[in-house]
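Please read the structure below before turning to the comments.
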Amino acid sequence: MNDAIQSTASTEKHRHHQQGSVAKVGYFLWHLLQMVLAMAVGMAIFTVLFRVLLTPTGYLALRTQTPFLWFAGMAVFMTVPMIAFMRYYQAHSWRQCAEMTGAMLVPPGTVAALVQFGVIAYPWLAVSTLSTSTHVTMLLGMIVLMLYRRDQYAGLGQAAHAVNSGG
């Protein structure tokens with residue numbers, strides 16, 4: 001009888017752990033999606049603003065002839081709403097926002113710089129693929145940081161968020 005009770009308790013504990021893991025993954029993905037949506041708002045504002053301010057030829061030239069400048073402008077417009085989301089909706093600290101900004105900007109900035117300086121040895125290092133490759137490397141950088149700091153992004157450290165939000 002005692003073995004049956006222990007087996008049931010063990011099974012219940014395992015089921016609870018699995019449900020907790022699924023919830024953590026869901027929270028992680030939801031957090032990533034929310035940041036991406038905030039960034040998409042900034043990207044849409046950038047695109048509309050610069051398509052209105054510049055001629056179609058000027059906008060194309062900004063993207064193709066000065067990819068680093070295009071990336072820098074897009075990065076600012078994507079970063080500001082993401083930081084606002086992280087600070088005011090998710091209560092992340094300034095340090096956490098700075099880390100995410102670095103993870104978000106350094107990988108695609110490197111790709112844009114390589115394209116700007118003519119390093120096009122690979123198909124993803126070309127002006128024609130710059131938009132895609134910078135966005136992919138940006139997401140990868142963010143995901144790597146989120147996995148490294150999973151206690152902050154998978155709902156594990158909610159008490160730590162409240163303590164760190166003043167920082």
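As shown in the structure tokens, the chain order sets the letters A, B, ...; within each chain, residues go from 1, and ligands are also counted from 1 in the order they appear.
Around Ala44 of chain A, within 9 Å and counting only C-alpha atoms, the residues found are Met39, Leu49, Phe77 and Met78 of chain A, once anything fewer than 5 positions away on its own chain is removed.
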What would the file look like if the residues just selected were written as a tab-separated table (two decimals), in the first residue's frame with N, CA, C and O atoms?
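Printed below is part-v4.tsv as written:
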```tsv
chain	number	residue	atom	x	y	z
A	39	MET	N	9.02	45.78	-31.41
A	39	MET	CA	10.03	46.15	-32.41
A	39	MET	C	9.39	46.36	-33.78
A	39	MET	O	9.79	47.25	-34.52
A	49	LEU	N	7.87	56.53	-42.17
A	49	LEU	CA	8.47	57.85	-42.06
A	49	LEU	C	9.50	58.10	-43.16
A	49	LEU	O	9.46	59.13	-43.84
A	77	PHE	N	14.76	52.90	-34.16
A	77	PHE	CA	13.29	52.86	-34.18
A	77	PHE	C	12.75	51.55	-33.62
A	77	PHE	O	11.62	51.51	-33.11
A	78	MET	N	13.52	50.47	-33.70
A	78	MET	CA	13.06	49.19	-33.15
A	78	MET	C	13.39	49.06	-31.66
A	78	MET	O	12.66	48.43	-30.91
```
TODO: Check segment 62-124 of chain A with DSSP on the backbone and list each residue it calls helix (DSSP H, G or I), as JSON, numbers by chain.
DONE: {"A": [62, 63, 64, 67, 68, 69, 70, 71, 72, 73, 74, 75, 76, 77, 78, 79, 80, 81, 82, 83, 84, 85, 86, 87, 88, 89, 94, 95, 96, 97, 98, 99, 100, 101, 102, 103, 104, 105, 106, 107, 108, 109, 110, 111, 112, 113, 114, 115, 116]}
Open item on the list: Please determine, counting only C-alpha atoms, which residue among A:Val144, A:Leu130, A:Ala98, A:Met82 has the shortest atom-to-atom distance to Leu37 of chain A.
Closed with: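 Closest candidate: A:Met82.
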- [ ] Have a look at atom CA of Thr101 of chain A and atom CA of Gln152 of chain A and let me know their distance in Å, one decimal.
- [x]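 Result for atom CA of Thr101 of chain A versus atom CA of Gln152 of chain A: 15.2 Å, one decimal.
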Task: Spatial neighbours of segment 22-30 of chain A, 8 Å, only C-alpha atoms, chain gap at least 5 places, as a list of chain:residue names - done: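 Contacts, with the query itself left out: A:Met146, A:Arg150, A:Tyr153, A:Ala154, A:Gly155, A:Leu156.
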Preceding selection exported with all heavy atoms as a PDB file, in the first residue's frame:
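Ended up saving to result-v3.pdb:
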```pdb
ATOM      1  N   MET A 146      18.121  35.463 -24.087  1.00  0.00           N
ATOM      2  CA  MET A 146      16.974  34.995 -23.310  1.00  0.00           C
ATOM      3  C   MET A 146      17.212  33.593 -22.750  1.00  0.00           C
ATOM      4  O   MET A 146      16.809  33.297 -21.630  1.00  0.00           O
ATOM      5  CB  MET A 146      15.707  35.036 -24.161  1.00  0.00           C
ATOM      6  CG  MET A 146      15.226  36.445 -24.453  1.00  0.00           C
ATOM      7  SD  MET A 146      13.772  36.478 -25.523  1.00  0.00           S
ATOM      8  CE  MET A 146      12.519  35.919 -24.367  1.00  0.00           C
ATOM      9  N   ARG A 150      17.520  32.743 -18.825  1.00  0.00           N
ATOM     10  CA  ARG A 150      16.169  32.173 -18.833  1.00  0.00           C
ATOM     11  C   ARG A 150      15.410  32.390 -17.538  1.00  0.00           C
ATOM     12  O   ARG A 150      14.192  32.430 -17.544  1.00  0.00           O
ATOM     13  CB  ARG A 150      16.189  30.717 -19.245  1.00  0.00           C
ATOM     14  CG  ARG A 150      16.879  29.775 -18.325  1.00  0.00           C
ATOM     15  CD  ARG A 150      16.939  28.369 -18.934  1.00  0.00           C
ATOM     16  NE  ARG A 150      17.978  27.588 -18.290  1.00  0.00           N
ATOM     17  CZ  ARG A 150      19.247  27.563 -18.676  1.00  0.00           C
ATOM     18  NH1 ARG A 150      19.632  28.278 -19.695  1.00  0.00           N
ATOM     19  NH2 ARG A 150      20.122  26.820 -18.030  1.00  0.00           N
ATOM     20  N   TYR A 153      13.493  35.459 -18.278  1.00  0.00           N
ATOM     21  CA  TYR A 153      12.598  35.483 -19.431  1.00  0.00           C
ATOM     22  C   TYR A 153      11.623  34.315 -19.490  1.00  0.00           C
ATOM     23  O   TYR A 153      10.787  34.266 -20.382  1.00  0.00           O
ATOM     24  CB  TYR A 153      13.412  35.540 -20.728  1.00  0.00           C
ATOM     25  CG  TYR A 153      14.166  36.838 -20.850  1.00  0.00           C
ATOM     26  CD1 TYR A 153      15.522  36.914 -20.525  1.00  0.00           C
ATOM     27  CD2 TYR A 153      13.525  37.998 -21.259  1.00  0.00           C
ATOM     28  CE1 TYR A 153      16.209  38.110 -20.621  1.00  0.00           C
ATOM     29  CE2 TYR A 153      14.209  39.191 -21.353  1.00  0.00           C
ATOM     30  CZ  TYR A 153      15.546  39.240 -21.036  1.00  0.00           C
ATOM     31  OH  TYR A 153      16.220  40.432 -21.130  1.00  0.00           O
ATOM     32  N   ALA A 154      11.719  33.366 -18.560  1.00  0.00           N
ATOM     33  CA  ALA A 154      10.811  32.221 -18.568  1.00  0.00           C
ATOM     34  C   ALA A 154       9.895  32.231 -17.353  1.00  0.00           C
ATOM     35  O   ALA A 154       9.326  31.221 -16.994  1.00  0.00           O
ATOM     36  CB  ALA A 154      11.599  30.916 -18.614  1.00  0.00           C
ATOM     37  N   GLY A 155       9.765  33.394 -16.721  1.00  0.00           N
ATOM     38  CA  GLY A 155       8.858  33.515 -15.598  1.00  0.00           C
ATOM     39  C   GLY A 155       9.379  32.925 -14.306  1.00  0.00           C
ATOM     40  O   GLY A 155       8.635  32.768 -13.360  1.00  0.00           O
ATOM     41  N   LEU A 156      10.689  32.609 -14.255  1.00  0.00           N
ATOM     42  CA  LEU A 156      11.252  32.003 -13.054  1.00  0.00           C
ATOM     43  C   LEU A 156      11.620  33.045 -12.011  1.00  0.00           C
ATOM     44  O   LEU A 156      11.607  32.764 -10.829  1.00  0.00           O
ATOM     45  CB  LEU A 156      12.512  31.197 -13.404  1.00  0.00           C
ATOM     46  CG  LEU A 156      12.331  30.088 -14.417  1.00  0.00           C
ATOM     47  CD1 LEU A 156      13.671  29.484 -14.755  1.00  0.00           C
ATOM     48  CD2 LEU A 156      11.392  29.042 -13.893  1.00  0.00           C
TER      49      LEU A 156
END
```
Task: Residue contacts of Phe68 of chain A (8 Å, only C-alpha atoms) excluding same-chain residues fewer than 5 positions away, as a count of residues only - done: 4
